[in-house]
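> Got start-v9.pdb for you, PDB, C-alpha atoms:
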ATOM      1  CA  MET X 233      83.765  81.879 120.010
ATOM      2  CA  SER X 234      80.293  80.928 118.921
ATOM      3  CA  PRO X 235      80.054  77.532 117.240
ATOM      4  CA  GLU X 236      80.400  77.392 113.512
ATOM      5  CA  SER X 237      77.032  77.290 111.916
ATOM      6  CA  ASP X 238      76.210  73.985 110.254
ATOM      7  CA  SER X 239      74.817  75.934 107.382
ATOM      8  CA  PHE X 240      77.795  78.165 106.610
ATOM      9  CA  LEU X 241      78.015  78.393 102.863
ATOM     10  CA  LEU X 242      80.560  80.333 100.876
ATOM     11  CA  HIS X 243      78.924  82.995  98.688
ATOM     12  CA  GLU X 244      78.784  81.775  95.098
ATOM     13  CA  ARG X 245      80.754  84.740  93.791
ATOM     14  CA  LEU X 246      83.625  84.028  96.190
ATOM     15  CA  ALA X 247      83.454  80.322  95.341
ATOM     16  CA  MET X 248      83.638  81.188  91.655
ATOM     17  CA  ASP X 249      86.533  83.665  91.873
ATOM     18  CA  CYS X 250      88.716  81.865  94.424
ATOM     19  CA  GLU X 251      90.476  78.639  95.357
ATOM     20  CA  GLU X 252      89.962  77.283  98.870
ATOM     21  CA  VAL X 253      93.258  76.970 100.720
ATOM     22  CA  LEU X 254      92.364  75.854 104.258
ATOM     23  CA  ASP X 255      90.168  76.584 107.280
ATOM     24  CA  TRP X 256      91.521  78.456 110.292
ATOM     25  CA  PRO X 257      89.657  78.545 113.652
ATOM     26  CA  LEU X 258      87.420  81.351 112.414
ATOM     27  CA  CYS X 259      87.956  81.941 108.719
ATOM     28  CA  ARG X 260      87.982  79.981 105.532
ATOM     29  CA  VAL X 261      91.096  81.123 103.673
ATOM     30  CA  LEU X 262      90.779  81.600  99.926
ATOM     31  CA  LEU X 263      93.254  82.496  97.194
ATOM     32  CA  ALA X 264      91.833  84.880  94.583
ATOM     33  CA  ARG X 265      92.231  83.529  91.065
ATOM     34  CA  ASP X 266      94.225  86.538  89.903
ATOM     35  CA  ALA X 267      97.890  85.971  89.249
ATOM     36  CA  ASN X 268      98.546  89.725  89.264
ATOM     37  CA  TYR X 269      98.815  89.647  93.057
ATOM     38  CA  PRO X 270      99.277  87.098  95.848
ATOM     39  CA  TRP X 271      95.810  87.777  97.225
ATOM     40  CA  LEU X 272      94.134  85.986 100.107
ATOM     41  CA  ILE X 273      90.523  86.412 101.172
ATOM     42  CA  LEU X 274      89.424  85.493 104.707
ATOM     43  CA  VAL X 275      85.777  84.561 105.217
ATOM     44  CA  PRO X 276      84.584  84.130 108.822
ATOM     45  CA  ARG X 277      82.514  80.935 108.961
ATOM     46  CA  ARG X 278      79.532  82.586 110.594
ATOM     47  CA  LEU X 279      76.055  83.223 109.301
ATOM     48  CA  GLY X 280      74.771  86.663 108.498
ATOM     49  CA  LEU X 281      77.931  88.751 108.792
ATOM     50  CA  ARG X 282      78.229  91.574 106.319
ATOM     51  CA  ASP X 283      80.490  94.212 107.852
ATOM     52  CA  PHE X 284      83.687  93.924 109.883
ATOM     53  CA  HIS X 285      81.909  95.442 112.878
ATOM     54  CA  ASN X 286      79.378  92.591 112.856
ATOM     55  CA  LEU X 287      82.137  90.421 114.364
ATOM     56  CA  ALA X 288      81.419  90.114 118.056
ATOM     57  CA  GLY X 289      83.586  89.418 121.097
ATOM     58  CA  ASP X 290      86.101  86.623 120.587
ATOM     59  CA  ASP X 291      85.386  86.492 116.876
ATOM     60  CA  LEU X 292      86.625  90.053 116.487
ATOM     61  CA  ALA X 293      89.901  89.264 118.236
ATOM     62  CA  GLN X 294      90.310  86.033 116.299
ATOM     63  CA  ALA X 295      89.640  87.720 112.952
ATOM     64  CA  SER X 296      92.342  90.260 113.789
ATOM     65  CA  ARG X 297      94.807  87.508 114.629
ATOM     66  CA  GLU X 298      94.016  85.687 111.402
ATOM     67  CA  ILE X 299      94.526  88.891 109.388
ATOM     68  CA  VAL X 300      97.969  89.124 110.993
ATOM     69  CA  TRP X 301      98.736  85.469 110.204
ATOM     70  CA  ALA X 302      97.734  85.985 106.573
ATOM     71  CA  SER X 303      99.694  89.229 106.273
ATOM     72  CA  GLU X 304     102.873  87.838 107.815
ATOM     73  CA  THR X 305     102.683  84.741 105.644
ATOM     74  CA  LEU X 306     102.321  86.726 102.429
ATOM     75  CA  GLU X 307     105.055  89.136 103.448
ATOM     76  CA  THR X 308     107.505  86.322 104.138
ATOM     77  CA  LEU X 309     106.571  83.964 101.331
ATOM     78  CA  PHE X 310     106.512  86.578  98.589
ATOM     79  CA  GLN X 311     108.926  89.189  99.971
ATOM     80  CA  ALA X 312     106.117  91.720  99.607
ATOM     81  CA  ASP X 313     106.853  95.420  99.715
ATOM     82  CA  LYS X 314     103.537  96.248 101.406
ATOM     83  CA  LEU X 315     100.383  94.555 102.618
ATOM     84  CA  ASN X 316      96.890  95.835 101.906
ATOM     85  CA  VAL X 317      93.985  94.774 104.137
ATOM     86  CA  ALA X 318      90.376  95.623 103.351
ATOM     87  CA  ALA X 319      86.810  94.651 104.161
ATOM     88  CA  LEU X 320      84.725  96.282 101.437
ATOM     89  CA  GLY X 321      81.964  93.917 100.313
ATOM     90  CA  ASN X 322      79.747  96.364  98.497
ATOM     91  CA  GLN X 323      78.966  93.751  95.871
ATOM     92  CA  VAL X 324      79.227  90.447  97.750
ATOM     93  CA  PRO X 325      77.090  90.609 100.902
ATOM     94  CA  GLN X 326      79.105  88.037 102.874
ATOM     95  CA  LEU X 327      81.843  89.462 105.088
ATOM     96  CA  HIS X 328      85.218  88.775 103.498
ATOM     97  CA  ILE X 329      88.553  90.395 104.223
ATOM     98  CA  HIS X 330      91.121  90.966 101.499
ATOM     99  CA  VAL X 331      94.793  90.538 102.406
ATOM    100  CA  ILE X 332      96.930  91.393  99.409
ATOM    101  CA  ALA X 333     100.690  91.362  98.876
ATOM    102  CA  ARG X 334     101.754  94.470  96.984
ATOM    103  CA  PHE X 335     104.917  95.218  95.063
ATOM    104  CA  HIS X 336     106.435  98.423  93.789
ATOM    105  CA  ASP X 337     106.205  97.040  90.269
ATOM    106  CA  ASP X 338     102.745  95.454  90.390
ATOM    107  CA  GLU X 339      99.944  96.379  88.010
ATOM    108  CA  ALA X 340      98.219  98.854  90.299
ATOM    109  CA  TRP X 341     101.045 100.287  92.439
ATOM    110  CA  PRO X 342     100.772 102.638  94.266
ATOM    111  CA  GLY X 343      96.979 102.698  94.009
ATOM    112  CA  PRO X 344      94.539 100.128  95.401
ATOM    113  CA  ILE X 345      94.118  97.092  93.154
ATOM    114  CA  TRP X 346      90.390  97.271  92.527
ATOM    115  CA  GLY X 347      89.253  98.200  89.065
ATOM    116  CA  VAL X 348      92.771  98.496  87.671
ATOM    117  CA  ALA X 349      93.827  95.328  85.866
ATOM    118  CA  PRO X 350      91.536  92.513  84.745
ATOM    119  CA  ALA X 351      92.125  89.269  86.625
ATOM    120  CA  LEU X 352      95.088  87.389  85.166
ATOM    121  CA  ALA X 353      94.545  83.638  84.899
ATOM    122  CA  TYR X 354      97.079  81.498  86.743
ATOM    123  CA  GLU X 355      99.198  79.011  84.821
ATOM    124  CA  PRO X 356      98.018  75.649  86.235
ATOM    125  CA  ASP X 357     101.503  74.744  87.486
ATOM    126  CA  LEU X 358     101.969  78.071  89.229
ATOM    127  CA  LEU X 359      98.542  77.813  90.815
ATOM    128  CA  ALA X 360      99.248  74.318  92.122
ATOM    129  CA  SER X 361     102.643  75.215  93.544
ATOM    130  CA  ARG X 362     101.357  78.451  95.061
ATOM    131  CA  LEU X 363      98.435  76.670  96.711
ATOM    132  CA  ALA X 364     100.753  74.024  98.141
ATOM    133  CA  ALA X 365     103.215  76.600  99.471
ATOM    134  CA  LEU X 366     100.417  78.693 100.969
ATOM    135  CA  LYS X 367      98.753  75.718 102.610
ATOM    136  CA  ASP X 368     101.996  74.779 104.367
ATOM    137  CA  ALA X 369     102.871  78.311 105.403
ATOM    138  CA  LEU X 370      99.370  79.264 106.549
ATOM    139  CA  ARG X 371      99.055  76.081 108.603
ATOM    140  CA  ALA X 372     102.413  76.837 110.220
ATOM    141  CA  ALA X 373     101.400  80.442 110.947
ATOM    142  CA  ALA X 374      98.323  79.303 112.842
ATOM    143  CA  ALA X 375     100.213  76.569 114.697
ATOM    144  CA  GLY X 376     102.972  78.958 115.732
ATOM    145  CA  SER X 377     100.578  81.524 117.132
ATOM    146  CA  SER X 378      98.040  79.413 118.983
TER     147      SER X 378
ATOM    148  CA  MET R 264      99.336  98.512 125.641
ATOM    149  CA  SER R 265     102.694 100.126 125.193
ATOM    150  CA  PRO R 266     102.837 103.788 126.197
ATOM    151  CA  GLU R 267     102.219 106.413 123.583
ATOM    152  CA  SER R 268     105.442 107.682 122.192
ATOM    153  CA  ASP R 269     106.207 111.262 123.113
ATOM    154  CA  SER R 270     107.313 111.783 119.585
ATOM    155  CA  PHE R 271     104.214 110.533 117.777
ATOM    156  CA  LEU R 272     103.662 112.859 114.892
ATOM    157  CA  LEU R 273     100.879 112.658 112.348
ATOM    158  CA  HIS R 274     102.224 112.235 108.808
ATOM    159  CA  GLU R 275     102.057 115.556 106.983
ATOM    160  CA  ARG R 276      99.887 114.160 104.196
ATOM    161  CA  LEU R 277      97.264 112.980 106.714
ATOM    162  CA  ALA R 278      97.486 116.302 108.549
ATOM    163  CA  MET R 279      96.924 118.122 105.285
ATOM    164  CA  ASP R 280      93.999 116.049 104.048
ATOM    165  CA  CYS R 281      92.125 115.590 107.335
ATOM    166  CA  GLU R 282      90.578 117.275 110.343
ATOM    167  CA  GLU R 283      91.453 115.935 113.788
ATOM    168  CA  VAL R 284      88.349 114.800 115.670
ATOM    169  CA  LEU R 285      89.606 113.272 118.927
ATOM    170  CA  ASP R 286      92.036 110.782 120.451
ATOM    171  CA  TRP R 287      90.912 107.328 121.528
ATOM    172  CA  PRO R 288      93.049 105.077 123.753
ATOM    173  CA  LEU R 289      95.080 103.909 120.775
ATOM    174  CA  CYS R 290      94.185 105.945 117.717
ATOM    175  CA  ARG R 291      93.954 109.534 116.683
ATOM    176  CA  VAL R 292      90.639 109.830 114.836
ATOM    177  CA  LEU R 293      90.586 112.000 111.727
ATOM    178  CA  LEU R 294      87.848 113.082 109.348
ATOM    179  CA  ALA R 295      88.930 113.136 105.707
ATOM    180  CA  ARG R 296      88.278 116.482 104.048
ATOM    181  CA  ASP R 297      86.079 114.983 101.356
ATOM    182  CA  ALA R 298      82.373 115.712 101.608
ATOM    183  CA  ASN R 299      81.593 112.896  99.158
ATOM    184  CA  TYR R 300      81.660 110.391 102.018
ATOM    185  CA  PRO R 301      81.560 110.384 105.822
ATOM    186  CA  TRP R 302      85.118 109.071 106.043
ATOM    187  CA  LEU R 303      87.115 108.509 109.221
ATOM    188  CA  ILE R 304      90.785 107.612 109.388
ATOM    189  CA  LEU R 305      92.237 105.950 112.501
ATOM    190  CA  VAL R 306      95.939 106.429 113.171
ATOM    191  CA  PRO R 307      97.478 104.367 115.998
ATOM    192  CA  ARG R 308      99.643 106.722 118.066
ATOM    193  CA  ARG R 309     102.708 104.507 117.878
ATOM    194  CA  LEU R 310     106.028 105.033 116.176
ATOM    195  CA  GLY R 311     107.119 103.069 113.157
ATOM    196  CA  LEU R 312     103.917 101.213 112.263
ATOM    197  CA  ARG R 313     103.310 100.776 108.570
ATOM    198  CA  ASP R 314     101.101  97.721 108.135
ATOM    199  CA  PHE R 315      98.110  96.447 110.102
ATOM    200  CA  HIS R 316     100.108  93.373 111.120
ATOM    201  CA  ASN R 317     102.724  95.583 112.786
ATOM    202  CA  LEU R 318     100.183  96.076 115.603
ATOM    203  CA  ALA R 319     101.257  93.832 118.457
ATOM    204  CA  GLY R 320      99.396  92.258 121.362
ATOM    205  CA  ASP R 321      96.948  94.552 123.094
ATOM    206  CA  ASP R 322      97.327  97.186 120.396
ATOM    207  CA  LEU R 323      95.923  94.761 117.823
ATOM    208  CA  ALA R 324      92.849  94.050 119.931
ATOM    209  CA  GLN R 325      92.381  97.730 120.726
ATOM    210  CA  ALA R 326      92.700  98.752 117.072
ATOM    211  CA  SER R 327      89.988  96.230 116.225
ATOM    212  CA  ARG R 328      87.707  97.617 118.916
ATOM    213  CA  GLU R 329      88.266 101.146 117.694
ATOM    214  CA  ILE R 330      87.466 100.111 114.115
ATOM    215  CA  VAL R 331      84.175  98.738 115.449
ATOM    216  CA  TRP R 332      83.458 101.952 117.395
ATOM    217  CA  ALA R 333      84.121 104.037 114.293
ATOM    218  CA  SER R 334      82.017 101.787 112.070
ATOM    219  CA  GLU R 335      79.050 101.661 114.429
ATOM    220  CA  THR R 336      79.152 105.401 114.901
ATOM    221  CA  LEU R 337      79.146 106.123 111.173
ATOM    222  CA  GLU R 338      76.432 103.558 110.552
ATOM    223  CA  THR R 339      74.164 105.086 113.177
ATOM    224  CA  LEU R 340      74.922 108.746 112.616
ATOM    225  CA  PHE R 341      74.625 108.670 108.834
ATOM    226  CA  GLN R 342      72.268 105.732 108.319
ATOM    227  CA  ALA R 343      74.928 104.212 106.086
ATOM    228  CA  ASP R 344      74.074 101.372 103.737
ATOM    229  CA  LYS R 345      77.500  99.758 104.119
ATOM    230  CA  LEU R 346      80.807 100.293 105.866
ATOM    231  CA  ASN R 347      84.179  99.928 104.169
ATOM    232  CA  VAL R 348      87.298  99.315 106.245
ATOM    233  CA  ALA R 349      90.794  99.343 104.776
ATOM    234  CA  ALA R 350      94.456  99.645 105.695
ATOM    235  CA  LEU R 351      96.217 100.358 102.412
ATOM    236  CA  GLY R 352      98.933 102.946 102.921
ATOM    237  CA  ASN R 353     100.896 102.457  99.747
ATOM    238  CA  GLN R 354     101.530 106.181  99.501
ATOM    239  CA  VAL R 355     101.547 107.339 103.133
ATOM    240  CA  PRO R 356     103.960 105.175 105.140
ATOM    241  CA  GLN R 357     102.246 105.685 108.508
ATOM    242  CA  LEU R 358      99.672 103.039 109.422
ATOM    243  CA  HIS R 359      96.186 104.491 109.020
ATOM    244  CA  ILE R 360      92.882 102.686 108.765
ATOM    245  CA  HIS R 361      90.061 104.012 106.614
ATOM    246  CA  VAL R 362      86.496 103.583 107.901
ATOM    247  CA  ILE R 363      84.062 104.893 105.321
ATOM    248  CA  ALA R 364      80.271 105.141 105.312
ATOM    249  CA  ARG R 365      78.942 104.085 101.920
ATOM    250  CA  PHE R 366      75.587 104.717 100.299
ATOM    251  CA  HIS R 367      73.823 103.171  97.342
ATOM    252  CA  ASP R 368      73.775 106.564  95.666
ATOM    253  CA  ASP R 369      77.290 107.767  96.498
ATOM    254  CA  GLU R 370      79.840 108.784  93.871
ATOM    255  CA  ALA R 371      81.665 105.479  93.734
ATOM    256  CA  TRP R 372      79.018 102.882  94.612
ATOM    257  CA  PRO R 373      79.370  99.918  94.330
ATOM    258  CA  GLY R 374      83.115 100.171  93.773
ATOM    259  CA  PRO R 375      85.759 101.238  96.292
ATOM    260  CA  ILE R 376      86.089 104.999  96.645
ATOM    261  CA  TRP R 377      89.745 105.418  95.730
ATOM    262  CA  GLY R 378      90.507 107.110  92.446
ATOM    263  CA  VAL R 379      86.865 107.698  91.541
ATOM    264  CA  ALA R 380      85.768 111.221  92.452
ATOM    265  CA  PRO R 381      88.052 114.141  93.321
ATOM    266  CA  ALA R 382      87.753 115.241  96.927
ATOM    267  CA  LEU R 383      84.733 117.505  97.404
ATOM    268  CA  ALA R 384      85.382 120.484  99.677
ATOM    269  CA  TYR R 385      83.110 120.734 102.707
ATOM    270  CA  GLU R 386      80.921 123.786 103.153
ATOM    271  CA  PRO R 387      82.331 125.346 106.361
ATOM    272  CA  ASP R 388      78.999 125.055 108.195
ATOM    273  CA  LEU R 389      78.599 121.404 107.268
ATOM    274  CA  LEU R 390      82.168 120.650 108.305
ATOM    275  CA  ALA R 391      81.698 122.335 111.680
ATOM    276  CA  SER R 392      78.425 120.579 112.425
ATOM    277  CA  ARG R 393      79.742 117.230 111.248
ATOM    278  CA  LEU R 394      82.858 117.537 113.393
ATOM    279  CA  ALA R 395      80.761 118.439 116.429
ATOM    280  CA  ALA R 396      78.358 115.554 115.901
ATOM    281  CA  LEU R 397      81.196 113.111 115.328
ATOM    282  CA  LYS R 398      83.091 114.253 118.398
ATOM    283  CA  ASP R 399      80.053 113.644 120.612
ATOM    284  CA  ALA R 400      79.167 110.305 119.060
ATOM    285  CA  LEU R 401      82.727 108.974 118.941
ATOM    286  CA  ARG R 402      83.328 109.948 122.562
ATOM    287  CA  ALA R 403      80.111 108.184 123.548
ATOM    288  CA  ALA R 404      81.058 105.065 121.567
ATOM    289  CA  ALA R 405      84.340 104.754 123.444
ATOM    290  CA  ALA R 406      82.727 105.468 126.813
ATOM    291  CA  GLY R 407      79.978 102.911 126.230
ATOM    292  CA  SER R 408      82.406 100.159 125.321
ATOM    293  CA  SER R 409      85.139 100.606 127.877
TER     294      SER R 409
END
Give the structure from the file, written as structure tokens.

Amino acid sequence: MSPESDSFLLHERLAMDCEEVLDWPLCRVLLARDANYPWLILVPRRLGLRDFHNLAGDDLAQASREIVWASETLETLFQADKLNVAALGNQVPQLHIHVIARFHDDEAWPGPIWGVAPALAYEPDLLASRLAALKDALRAAAAGSS
Amino acid sequence: MSPESDSFLLHERLAMDCEEVLDWPLCRVLLARDANYPWLILVPRRLGLRDFHNLAGDDLAQASREIVWASETLETLFQADKLNVAALGNQVPQLHIHVIARFHDDEAWPGPIWGVAPALAYEPDLLASRLAALKDALRAAAAGSS
């Protein structure tokens, strides 16, 4: 894996819309500030990546593993009915991978979530407890798989 | 990689909405019958997969490589402005991965494509030439990377 760039900087739009949860070997893991869905966003800490296929060699394999860690964690923690994974990034030109827990009764089911419901602000207590639970579970997922 | 199941069967909805292009080591590669976008769909030829994180071991790494092959091929062949990659599958319970070439002037830009424009039927000549070009390029992508 190529060394993390000293100058990795989270895109301002991601910084604005998300909470930072923790750093994995490759990705910074964010929680989207939208209480409609348990919604993680993985951002590889590399410079100049825009598309999933810009990931090279070991980074590609590691990104895939981290998508699995995120998916399994959300599935277990939230008893999700389905996981959605997507690298779209038409509007934010820094590669970021959505991993979203979906439920048969969520706002957008069975469609994709984008453009359906406006972001729902978290209650501060729920946000704090969710961040704490995610931090523990995501750290354990990485430790168990490495 | 576990052996392909003898009983792998493409889900009827995918069979109905797509053309088969070719088989890669892991995935069957389909072209969505929607001329709005050059849109490939990769279906791992394994039984019982629903989510991306159901891919285990070598299959996970191979799926990632095949996503890269598909993305690079679309980018080159169609001079795409952006690639979108997604495993959603809320409505079709067989794991399938969308790889879509996006353009600044396409029907849905800059949003995701789902739910925006009704599928646009291909002119038969365009479909035939696109399938032929894709088959050549996708075969070359796999050969060059193996």
> Please compute the atom CA of R:Leu318-atom CA of X:Arg265 distance, one decimal, in Å.
28.7 Å
> Since I can't run it myself right now, could you work out what the ChimeraX specification (/X :<10) & /R selects here and report it as number ranges by chain?
R: 313-320, 323-335, 344-354, 356, 360-363, 365-367, 372-378
> Find the residues near stretch 266-270 of chain X: any atom within 9 Å, counting only C-alpha atoms, skip ones fewer than 5 places away on the same chain, and give them as a list in words.
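Counting only C-alpha atoms, the residues come to Asp249, Cys250, Leu306, Phe310, Val331, Ile332, Ala333, Arg334, Phe335, Asp338, Glu339, Ile345, Ala349, Pro350, Ala351, Leu352, Ala353, Tyr354, Glu355, Leu358, Leu359 and Arg362 of chain X.
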> Need to verify the contact set: R:Glu283, 9 Å, all atoms listed in the file, exclusion of same-chain residues closer than 6 positions in sequence. Can you return it as number ranges by chain?
R: 291-295, 394
> Atom CA of R:Gly311 and atom CA of R:Leu285, how far apart in Å?
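Computed distance, atom CA of R:Leu285 to atom CA of R:Gly311, equals 21.1 Å.
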> Could you work out an axis-aligned bounding box for all listed atoms of stretch 316-325 of chain R, with 8 Å added on each of the six sides, and give its centre and edge lengths in Å to one decimal, as lines of an AutoDock Vina configuration file?

center_x = 97.6
center_y = 95.0
center_z = 117.1
size_x = 26.3
size_y = 21.5
size_z = 28.0
> Would you compute the distance between atom CA of X:Thr308 and atom CA of X:Leu370? Give it in Å to one decimal.
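About the pair atom CA of X:Thr308 and atom CA of X:Leu370: they are 11.0 Å apart.
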> Which residues are near X:Leu258? Cut-off 9 Å, all atoms listed in the file, ignore same chain within fewer than 5 positions. Put them as a list in words.
Met233, Glu236, Leu274, Val275, Pro276, Arg277, Arg278, Asp291, Gln294, Ala295 and Glu298 of chain X
> Out of R:Leu312, R:Val355, R:Val379, R:Ala371, which residue has the shortest atom-to-atom distance to R:Phe271 when counting all atoms listed in the file?
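Closest to R:Phe271, using all atoms listed in the file: R:Leu312.
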> Regenerate stretch 250-268 of chain X at the level of N, CA and C atoms and dump it as a short mmCIF file (atom, residue, chain, number, x, y, z; two decimals), in the coordinates of the input.

data_model
loop_
_atom_site.label_atom_id
_atom_site.label_comp_id
_atom_site.auth_asym_id
_atom_site.auth_seq_id
_atom_site.Cartn_x
_atom_site.Cartn_y
_atom_site.Cartn_z
N CYS X 250 87.62 82.21 93.51
CA CYS X 250 88.72 81.86 94.42
C CYS X 250 88.94 80.36 94.50
N GLU X 251 90.14 80.00 94.97
CA GLU X 251 90.48 78.64 95.36
C GLU X 251 90.42 78.55 96.88
N GLU X 252 89.91 77.46 97.42
CA GLU X 252 89.96 77.28 98.87
C GLU X 252 91.35 76.78 99.25
N VAL X 253 91.92 77.39 100.29
CA VAL X 253 93.26 76.97 100.72
C VAL X 253 93.16 76.10 101.97
N LEU X 254 92.57 76.64 103.03
CA LEU X 254 92.36 75.85 104.26
C LEU X 254 91.40 76.60 105.18
N ASP X 255 91.00 75.94 106.26
CA ASP X 255 90.17 76.58 107.28
C ASP X 255 91.01 76.87 108.51
N TRP X 256 90.95 78.10 109.01
CA TRP X 256 91.52 78.46 110.29
C TRP X 256 90.40 78.40 111.35
N PRO X 257 90.72 78.66 112.63
CA PRO X 257 89.66 78.54 113.65
C PRO X 257 88.40 79.35 113.31
N LEU X 258 88.60 80.55 112.77
CA LEU X 258 87.42 81.35 112.41
C LEU X 258 87.15 81.38 110.91
N CYS X 259 88.16 81.61 110.14
CA CYS X 259 87.96 81.94 108.72
C CYS X 259 88.28 80.78 107.78
N ARG X 260 87.54 80.73 106.70
CA ARG X 260 87.98 79.98 105.53
C ARG X 260 88.94 80.88 104.76
N VAL X 261 90.08 80.33 104.38
CA VAL X 261 91.10 81.12 103.67
C VAL X 261 91.06 80.76 102.19
N LEU X 262 90.89 81.78 101.38
CA LEU X 262 90.78 81.60 99.93
C LEU X 262 91.95 82.30 99.24
N LEU X 263 92.31 81.80 98.07
CA LEU X 263 93.25 82.50 97.19
C LEU X 263 92.47 83.00 96.00
N ALA X 264 92.53 84.32 95.74
CA ALA X 264 91.83 84.88 94.58
C ALA X 264 92.51 84.38 93.30
N ARG X 265 91.68 84.01 92.34
CA ARG X 265 92.23 83.53 91.06
C ARG X 265 92.64 84.71 90.19
N ASP X 266 93.69 85.39 90.63
CA ASP X 266 94.22 86.54 89.90
C ASP X 266 95.73 86.56 90.13
N ALA X 267 96.45 86.13 89.10
CA ALA X 267 97.89 85.97 89.25
C ALA X 267 98.62 87.31 89.28
N ASN X 268 97.90 88.42 89.14
CA ASN X 268 98.55 89.72 89.26
C ASN X 268 99.10 89.97 90.66
#
